[in-house]
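Asker: Pasting in a structure now, in structure tokens, and then I'll have a few things to ask.
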Amino acid sequence: MGNFPTTVKHCLSYEELIQDYPWLARWLQEEKRALTHEYPEYVKIVEVGPRDGLQNEKEMVPTRVKIQLIDMLSETGLPVIEATSFVSSKWVPQMADHTEVLQAIHRSSHVRYPVLTPNMHGFQDAVAAGATEVAVFGSASETFSRKNINCSIDESILRFEEVICTAKQRQIPVRGYVSCALGCPYEGPIEFTKVAEVVKRLYELGCYEVSLGDTIGVGTPGSMAKMLHNVMKEVPSSALAVHCHDTYGQALANILTALQMGICTVDSSVAGLGGCPYAQGASGNVSTEDVLYMLHGMGIKTGVDLSKVIEAGDFICKALNRKTNSKVAQASGDYSVHCRMKKINT
Amino acid sequence: ALPERVKIVEVGPRDGLQNEKTLVPTEVKIHLIDMLSEAGLPVIEATSFVSPKWVPQMADQVEVMKGINRRPGVSYPVLTPNLKGFQAAVKAGAAEVAIFGAASELFSKKNINCSVDESLQRFEEVTKAAKEAGVVVYISLRCLVGQVSPDKVAQVAKRLYSMGCYEISLGDTIGVGTPGGMTEMLEAVSREVPVDALAVHCHDTYGQALANILIALQMGISVVDSSVAGLGGCPYAQGASGNVATEDVVYMLHGLGIQTGVDLPKLMDAGAFICSSLNRKTSSKVAQAACKL
């Protein structure tokens, strides 16, 4: 640096400053640690494409396609794959083949395959078909509950209580979902204390985990943080998951916020399957590929092979004759360009 | 703590349109910029004084500069790759110019046909001339977040800042950055350049833009580049998206309680206008959702 006065040298070069004041580096590191976020080392991905995704696709998907999709996903390292729904086929024709699907898929020993069971009837069918994990779906919005499952929140919880009790006796774990955690298509904003109350009830009844759904994707990091702050007063973060919709493009930012607050389970859907049923043409579930890309880029482990998920996404999109909603899949589509890009460096 | 206010630098009319295949008529460009001015955007990159031989889309640079309705309080920077472009820009009435640098040698060679050092020499000429002419210079530094070493980016940023650029926009050119790489890069750069002089220009090619912008805000950045309707695909990955959509950024910022001065419905009108002129769908998710609900 030549003949510059020391103070000027220090202003111009961080290296020079640290050379002369080595204790400063340590102090700055500590300051940095206080300001930077801590992220979980591992995040569990709950793949909802075959159920939540396909349920919201218009095209009827043949049973063998569903089975092949789940089998491909089982090979990717995904730890949890929501396989199907034991709901009445009158309401959800897409899931009419629930028993066939559950019985035909190749069940990997490293993967769990929860199925949706809205009531005792569905639960019993699920168990008869070989289900080893079930899920129940509640709402933080009264109007949404009535319109979606034709009963009030309280009534729905009574139904679930039956299912959860019976499941407990048979040692079948139950996952809970709470929809409209960040807003309702009918009621608009939802009180976060109400969300916390519903989540707490499901957790206390015996759900091992409750997934908080941003059903219409209106949440932003601001509302996500506030909602989680309220919910985490009642339920530990280890028992919570986030299920973000990307309808307004906010999903990854919302997931990042959740991770910063200690959440380490994320729901997502291969190829972003499942549009938003409330905003026609708009996107819905966040894409598993895009979530993985972010997590891996942050050094967070998931155990999942992204390239295999992209393949599974490619398969189901071809079968559905639709384009993927995943940006990572879109960008990786031109593989040679993608590889060339990865090589660019100084 | 997040900033109370974020300045949005709207790059749609320049960066966006430059990467659109369809040639846009001059009056459409002017109308777009006027609509964006009405939407409350504080900075709108209007055009580029680059040779029309290289970028035919920007051939009407002088006409656009003279045709737009310049709203008081709004800046209309123009791109000037070299001294010649700078002189033409000043003659056409530009009060603020932007120059483009690259932190990666390979990218610099391929994009502006010279090494990083050579490009910095060219910029020095422009910034000197700009100082004399009383014109403000801001620079867009293209770096590949996570691919180029953070220290290299920091070194280049430092040189540019010392030349007199008032703001340095760090661009994740092919959108490969994630919050991990973004944090590292910003940490390195903010050691050399004050965070008030930094902006982020995130591409959404891998869907990471809003998460990256959130990280940048958490680290004290308060200037964000974006493009109305997400105009401007990625020139390197055909069909892939490029610039992050201004509507989606504003939606997130307002949701966080951060002020931008932008009127989102008017911004969406501008997006709808340009998309219908270009006969293409918007890349903004907010725009897609809002028109269907």
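Ordering of the structure tokens sets the chain letters (A, B, ...), residue numbers begin anew at 1 in every chain, and ligands are numbered from 1 in the order given.
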At a cut-off of 6 Å, using only C-alpha atoms, what residues contact segment 250-256 of chain A? Leave out same-chain residues fewer than 5 positions from it and give the result as a count of residues only.

Answerer: 6

Asker: Among segment 45-290 of chain A, which residues carry a DSSP assignment of alpha helix (DSSP H), reported as number ranges by chain?

Answerer: A: 54-55, 63-74, 98-104, 120-128, 142-149, 153-169, 192-205, 221-231, 251-260, 288-290

Asker: For chain B versus chain A, which residues have an atom no more than 8 Å away, and what is each residue's nearest atom pair and distance in Å rounded to one decimal, using only C-alpha atoms, chain-then-number order, as JSON lines?

Answerer:
{"residue": "B:Ala103", "atom": "CA", "partner": "A:Thr346", "partner_atom": "CA", "distance": 7.9}
{"residue": "B:Ser104", "atom": "CA", "partner": "A:Thr346", "partner_atom": "CA", "distance": 4.9}
{"residue": "B:Glu105", "atom": "CA", "partner": "A:Thr346", "partner_atom": "CA", "distance": 5.5}
{"residue": "B:Leu106", "atom": "CA", "partner": "A:Thr346", "partner_atom": "CA", "distance": 6.5}
{"residue": "B:Phe107", "atom": "CA", "partner": "A:Ile344", "partner_atom": "CA", "distance": 7.6}
{"residue": "B:Gln147", "atom": "CA", "partner": "A:Asn345", "partner_atom": "CA", "distance": 5.8}
{"residue": "B:Val148", "atom": "CA", "partner": "A:Asn345", "partner_atom": "CA", "distance": 5.6}
{"residue": "B:Ser149", "atom": "CA", "partner": "A:Thr346", "partner_atom": "CA", "distance": 7.7}
{"residue": "B:Ile174", "atom": "CA", "partner": "A:Met341", "partner_atom": "CA", "distance": 7.9}
{"residue": "B:Gly177", "atom": "CA", "partner": "A:Gly297", "partner_atom": "CA", "distance": 7.6}
{"residue": "B:Thr178", "atom": "CA", "partner": "A:Gly297", "partner_atom": "CA", "distance": 5.5}
{"residue": "B:Pro179", "atom": "CA", "partner": "A:Met298", "partner_atom": "CA", "distance": 6.1}
{"residue": "B:Gly180", "atom": "CA", "partner": "A:Met298", "partner_atom": "CA", "distance": 4.1}
{"residue": "B:Gly181", "atom": "CA", "partner": "A:Gly297", "partner_atom": "CA", "distance": 7.1}
{"residue": "B:Arg191", "atom": "CA", "partner": "A:Tyr14", "partner_atom": "CA", "distance": 7.1}
{"residue": "B:Glu192", "atom": "CA", "partner": "A:Tyr14", "partner_atom": "CA", "distance": 7.3}
{"residue": "B:Asp204", "atom": "CA", "partner": "A:Lys327", "partner_atom": "CA", "distance": 7.8}
{"residue": "B:Thr205", "atom": "CA", "partner": "A:Lys327", "partner_atom": "CA", "distance": 6.2}
{"residue": "B:Tyr206", "atom": "CA", "partner": "A:Val328", "partner_atom": "CA", "distance": 4.5}
{"residue": "B:Gly207", "atom": "CA", "partner": "A:Lys327", "partner_atom": "CA", "distance": 5.3}
{"residue": "B:Gln208", "atom": "CA", "partner": "A:Met294", "partner_atom": "CA", "distance": 6.8}
{"residue": "B:Leu210", "atom": "CA", "partner": "A:Ala253", "partner_atom": "CA", "distance": 5.7}
{"residue": "B:Ala211", "atom": "CA", "partner": "A:Ala253", "partner_atom": "CA", "distance": 4.2}
{"residue": "B:Asn212", "atom": "CA", "partner": "A:Ala253", "partner_atom": "CA", "distance": 7.9}
{"residue": "B:Leu214", "atom": "CA", "partner": "A:Ala253", "partner_atom": "CA", "distance": 6.7}
{"residue": "B:Tyr236", "atom": "CA", "partner": "A:Val337", "partner_atom": "CA", "distance": 7.0}
{"residue": "B:Ala237", "atom": "CA", "partner": "A:Ala331", "partner_atom": "CA", "distance": 6.0}
{"residue": "B:Gln238", "atom": "CA", "partner": "A:Asp334", "partner_atom": "CA", "distance": 7.2}
{"residue": "B:Gly239", "atom": "CA", "partner": "A:Gln330", "partner_atom": "CA", "distance": 7.2}
{"residue": "B:Ala240", "atom": "CA", "partner": "A:Ala331", "partner_atom": "CA", "distance": 5.0}
{"residue": "B:Ser241", "atom": "CA", "partner": "A:Lys327", "partner_atom": "CA", "distance": 7.6}
{"residue": "B:Asp248", "atom": "CA", "partner": "A:Gly249", "partner_atom": "CA", "distance": 6.3}
{"residue": "B:Tyr251", "atom": "CA", "partner": "A:Tyr248", "partner_atom": "CA", "distance": 7.9}
{"residue": "B:Met252", "atom": "CA", "partner": "A:Thr220", "partner_atom": "CA", "distance": 5.6}
{"residue": "B:Gly255", "atom": "CA", "partner": "A:Thr220", "partner_atom": "CA", "distance": 5.5}
{"residue": "B:Leu256", "atom": "CA", "partner": "A:Gly222", "partner_atom": "CA", "distance": 4.4}
{"residue": "B:Gly257", "atom": "CA", "partner": "A:Gly222", "partner_atom": "CA", "distance": 7.4}
{"residue": "B:Ser284", "atom": "CA", "partner": "A:Gly249", "partner_atom": "CA", "distance": 7.7}
{"residue": "B:Lys285", "atom": "CA", "partner": "A:Tyr248", "partner_atom": "CA", "distance": 4.9}
{"residue": "B:Val286", "atom": "CA", "partner": "A:Tyr248", "partner_atom": "CA", "distance": 4.5}
{"residue": "B:Gln288", "atom": "CA", "partner": "A:Ala282", "partner_atom": "CA", "distance": 5.7}
{"residue": "B:Ala289", "atom": "CA", "partner": "A:Ala282", "partner_atom": "CA", "distance": 5.0}
{"residue": "B:Ala290", "atom": "CA", "partner": "A:Ala279", "partner_atom": "CA", "distance": 7.9}
{"residue": "B:Lys292", "atom": "CA", "partner": "A:Ala279", "partner_atom": "CA", "distance": 5.2}
{"residue": "B:Leu293", "atom": "CA", "partner": "A:Ala279", "partner_atom": "CA", "distance": 4.7}

Asker: Can you list, as an NGL selection string, every protein, DNA or RNA residue that comes within 9 Å of Gly93 of chain B when you count only C-alpha atoms, leaving out same-chain residues fewer than 5 positions away?

Answerer: :B and (62 or 65-66 or 88)

Asker: Mind writing the picked residues with all heavy atoms as a PDB file, in the first residue's frame?

Answerer:
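Listing of selection.pdb after writing:
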ATOM      1  N   VAL B  62     -32.640   7.685 -29.103  1.00  0.00           N
ATOM      2  CA  VAL B  62     -32.785   9.147 -29.014  1.00  0.00           C
ATOM      3  C   VAL B  62     -34.262   9.541 -29.010  1.00  0.00           C
ATOM      4  O   VAL B  62     -34.710  10.347 -28.192  1.00  0.00           O
ATOM      5  CB  VAL B  62     -32.037   9.844 -30.174  1.00  0.00           C
ATOM      6  CG1 VAL B  62     -32.255  11.338 -30.102  1.00  0.00           C
ATOM      7  CG2 VAL B  62     -30.554   9.527 -30.110  1.00  0.00           C
ATOM      8  N   MET B  65     -35.810   8.747 -25.615  1.00  0.00           N
ATOM      9  CA  MET B  65     -35.363   9.717 -24.606  1.00  0.00           C
ATOM     10  C   MET B  65     -36.123  11.026 -24.739  1.00  0.00           C
ATOM     11  O   MET B  65     -36.520  11.629 -23.744  1.00  0.00           O
ATOM     12  CB  MET B  65     -33.884  10.037 -24.824  1.00  0.00           C
ATOM     13  CG  MET B  65     -32.877   9.479 -23.854  1.00  0.00           C
ATOM     14  SD  MET B  65     -33.491   8.845 -22.340  1.00  0.00           S
ATOM     15  CE  MET B  65     -32.986  10.079 -21.196  1.00  0.00           C
ATOM     16  N   LYS B  66     -36.303  11.458 -25.987  1.00  0.00           N
ATOM     17  CA  LYS B  66     -36.944  12.751 -26.204  1.00  0.00           C
ATOM     18  C   LYS B  66     -38.466  12.648 -26.114  1.00  0.00           C
ATOM     19  O   LYS B  66     -39.120  13.633 -25.798  1.00  0.00           O
ATOM     20  CB  LYS B  66     -36.514  13.335 -27.563  1.00  0.00           C
ATOM     21  CG  LYS B  66     -35.018  13.595 -27.624  1.00  0.00           C
ATOM     22  CD  LYS B  66     -34.639  14.660 -28.640  1.00  0.00           C
ATOM     23  CE  LYS B  66     -33.191  15.063 -28.424  1.00  0.00           C
ATOM     24  NZ  LYS B  66     -32.514  15.440 -29.643  1.00  0.00           N
ATOM     25  N   ALA B  88     -23.417  10.432 -26.840  1.00  0.00           N
ATOM     26  CA  ALA B  88     -24.722  10.448 -27.523  1.00  0.00           C
ATOM     27  C   ALA B  88     -25.848  10.569 -26.507  1.00  0.00           C
ATOM     28  O   ALA B  88     -26.843  11.273 -26.729  1.00  0.00           O
ATOM     29  CB  ALA B  88     -24.893   9.178 -28.355  1.00  0.00           C
TER      30      ALA B  88
END

Asker: What's around Glu27 of chain B at 9 Å? Count only C-alpha atoms, leave out sequence neighbours fewer than 5 positions away in its own chain, and write the answer as a PyMOL selection string.

Answerer: chain B and resi 32+64+67

Asker: Would you tabulate, counting only C-alpha atoms, all residues of segment 191-292 of chain A that have an atom at most 10 Å from an atom of segment 40-58 of chain A, showing the closest pair of atoms and their distance in Å to one decimal, sorted by chain then ascending number, as a tab-separated table?

Answerer:
residue	atom	partner	partner_atom	distance
A:Ser211	CA	A:Val46	CA	9.8
A:Ala241	CA	A:Val46	CA	8.9
A:Val242	CA	A:Val46	CA	9.7
A:His243	CA	A:Val46	CA	9.1
A:Leu259	CA	A:Pro40	CA	6.9
A:Gln260	CA	A:Pro40	CA	8.2
A:Met261	CA	A:Pro40	CA	9.6
A:Gly262	CA	A:Pro40	CA	6.8
A:Ile263	CA	A:Pro40	CA	7.8
A:Cys264	CA	A:Val43	CA	4.8
A:Thr265	CA	A:Lys44	CA	4.7
A:Val266	CA	A:Ile45	CA	5.1
A:Asp267	CA	A:Val46	CA	4.6
A:Ser268	CA	A:Glu47	CA	5.4
A:Ser269	CA	A:Gly49	CA	4.2
A:Val270	CA	A:Gly49	CA	5.4
A:Ala271	CA	A:Gly49	CA	8.0
A:Gly272	CA	A:Gly53	CA	7.3
A:Leu273	CA	A:Gly53	CA	4.4
A:Gly274	CA	A:Gly53	CA	3.9
A:Gly275	CA	A:Asn56	CA	6.0
A:Cys276	CA	A:Asn56	CA	7.5
A:Pro277	CA	A:Asn56	CA	6.8
A:Gly284	CA	A:Gly53	CA	8.7
A:Asn285	CA	A:Gly53	CA	7.2
A:Val286	CA	A:Gly49	CA	9.9
A:Ser287	CA	A:Gly49	CA	9.0
A:Thr288	CA	A:Glu47	CA	7.3
A:Val291	CA	A:Ile45	CA	8.9
A:Leu292	CA	A:Ile45	CA	8.6

Asker: What is the distance between atom CA of Ala199 of chain B and atom CA of Glu20 of chain B, in Å to one decimal?

Answerer: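 These atoms are spaced 23.7 Å apart.
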
Asker: Choose the residue, out of B:Glu247, B:Asp151, B:Glu187, B:Asp172, that has the smallest atom-to-atom separation from Val262 of chain B; count only C-alpha atoms.

Answerer: B:Glu247

Asker: Excluding Glu209 of chain A and residues on its chain fewer than 2 positions from it, collect all residues at most 12 Å away from it, counting only C-alpha atoms, and give them as a PyMOL selection string.

Answerer: chain A and resi 44+46+133-136+173-178+199-207+211-212+235-242+263-267

Asker: Name the residues of segment 213-282 of chain A that fall into strand (DSSP E) according to DSSP on the backbone, using the chain letters and numbers of this document, as number ranges by chain.

Answerer: A: 213-214, 240-244, 265-268

Asker: Restricting the output to N, CA, C and O atoms, write the selected residues as a PDB file, in the first residue's frame.

Answerer:
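Listing of out10.pdb after writing:
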ATOM      1  N   GLY A 213     -50.907 -24.497   5.943  1.00  0.00           N
ATOM      2  CA  GLY A 213     -51.096 -24.244   4.517  1.00  0.00           C
ATOM      3  C   GLY A 213     -51.442 -22.820   4.153  1.00  0.00           C
ATOM      4  O   GLY A 213     -52.414 -22.255   4.671  1.00  0.00           O
ATOM      5  N   ASP A 214     -50.665 -22.252   3.240  1.00  0.00           N
ATOM      6  CA  ASP A 214     -51.006 -20.950   2.673  1.00  0.00           C
ATOM      7  C   ASP A 214     -51.826 -21.260   1.422  1.00  0.00           C
ATOM      8  O   ASP A 214     -51.340 -21.234   0.298  1.00  0.00           O
ATOM      9  N   LEU A 240     -44.004 -28.830  13.355  1.00  0.00           N
ATOM     10  CA  LEU A 240     -44.666 -28.001  12.351  1.00  0.00           C
ATOM     11  C   LEU A 240     -44.029 -28.146  10.987  1.00  0.00           C
ATOM     12  O   LEU A 240     -42.829 -28.434  10.877  1.00  0.00           O
ATOM     13  N   ALA A 241     -44.845 -27.920   9.957  1.00  0.00           N
ATOM     14  CA  ALA A 241     -44.352 -27.916   8.582  1.00  0.00           C
ATOM     15  C   ALA A 241     -45.040 -26.753   7.875  1.00  0.00           C
ATOM     16  O   ALA A 241     -46.068 -26.245   8.339  1.00  0.00           O
ATOM     17  N   VAL A 242     -44.436 -26.311   6.753  1.00  0.00           N
ATOM     18  CA  VAL A 242     -45.113 -25.279   5.966  1.00  0.00           C
ATOM     19  C   VAL A 242     -45.479 -25.826   4.585  1.00  0.00           C
ATOM     20  O   VAL A 242     -44.721 -26.590   3.977  1.00  0.00           O
ATOM     21  N   HIS A 243     -46.649 -25.433   4.142  1.00  0.00           N
ATOM     22  CA  HIS A 243     -47.190 -25.889   2.857  1.00  0.00           C
ATOM     23  C   HIS A 243     -47.537 -24.623   2.086  1.00  0.00           C
ATOM     24  O   HIS A 243     -48.643 -24.112   2.182  1.00  0.00           O
ATOM     25  N   CYS A 244     -46.563 -24.111   1.352  1.00  0.00           N
ATOM     26  CA  CYS A 244     -46.718 -22.814   0.705  1.00  0.00           C
ATOM     27  C   CYS A 244     -47.176 -22.937  -0.741  1.00  0.00           C
ATOM     28  O   CYS A 244     -46.656 -23.757  -1.488  1.00  0.00           O
ATOM     29  N   THR A 265     -39.524 -28.769   8.117  1.00  0.00           N
ATOM     30  CA  THR A 265     -40.269 -29.684   7.240  1.00  0.00           C
ATOM     31  C   THR A 265     -41.040 -28.839   6.244  1.00  0.00           C
ATOM     32  O   THR A 265     -41.735 -27.891   6.634  1.00  0.00           O
ATOM     33  N   VAL A 266     -40.897 -29.173   4.978  1.00  0.00           N
ATOM     34  CA  VAL A 266     -41.515 -28.387   3.910  1.00  0.00           C
ATOM     35  C   VAL A 266     -42.295 -29.297   2.969  1.00  0.00           C
ATOM     36  O   VAL A 266     -41.771 -30.304   2.492  1.00  0.00           O
ATOM     37  N   ASP A 267     -43.550 -28.900   2.695  1.00  0.00           N
ATOM     38  CA  ASP A 267     -44.354 -29.643   1.715  1.00  0.00           C
ATOM     39  C   ASP A 267     -44.119 -29.016   0.345  1.00  0.00           C
ATOM     40  O   ASP A 267     -44.019 -27.793   0.234  1.00  0.00           O
ATOM     41  N   SER A 268     -44.078 -29.857  -0.683  1.00  0.00           N
ATOM     42  CA  SER A 268     -43.944 -29.320  -2.028  1.00  0.00           C
ATOM     43  C   SER A 268     -44.449 -30.368  -3.011  1.00  0.00           C
ATOM     44  O   SER A 268     -44.701 -31.512  -2.623  1.00  0.00           O
TER      45      SER A 268
END

Asker: Would you list the contacts of Phe100 of chain B as a list of chain:residue names, taking every protein, DNA or RNA residue within 10 Å and counting only C-alpha atoms, but skipping same-chain residues closer than 4 positions in sequence?

Answerer: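 The neighbour list is B:Leu79, B:Thr80, B:Pro81, B:Asn82, B:Ser108, B:Asn111, B:Ile112, B:Ser119, B:Leu120, B:Phe123, B:Tyr138, B:Ile139, B:Ser140, B:Leu141, B:Arg142, B:Ile168, B:Ser169.
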
Asker: Quick one: distance from atom CA of Ile68 of chain B to atom CA of Gln259 of chain B in Å, one decimal?

Answerer: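 Separation between atom CA of Ile68 of chain B and atom CA of Gln259 of chain B: 25.9 Å.
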
Asker: Work out how far atom CA of Gly130 of chain A is from atom CA of Tyr113 of chain A, in Å to one decimal.

Answerer: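 Computed distance, atom CA of Tyr113 of chain A to atom CA of Gly130 of chain A, equals 10.3 Å.
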
Asker: Which residues are near Ala129 of chain A? Cut-off 7 Å, only C-alpha atoms, ignore same chain within fewer than 6 positions. Put them as a list in words.

Answerer: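 Near Ala129 of chain A, the qualifying residues are Thr99, Leu102 and Gln103 of chain A.
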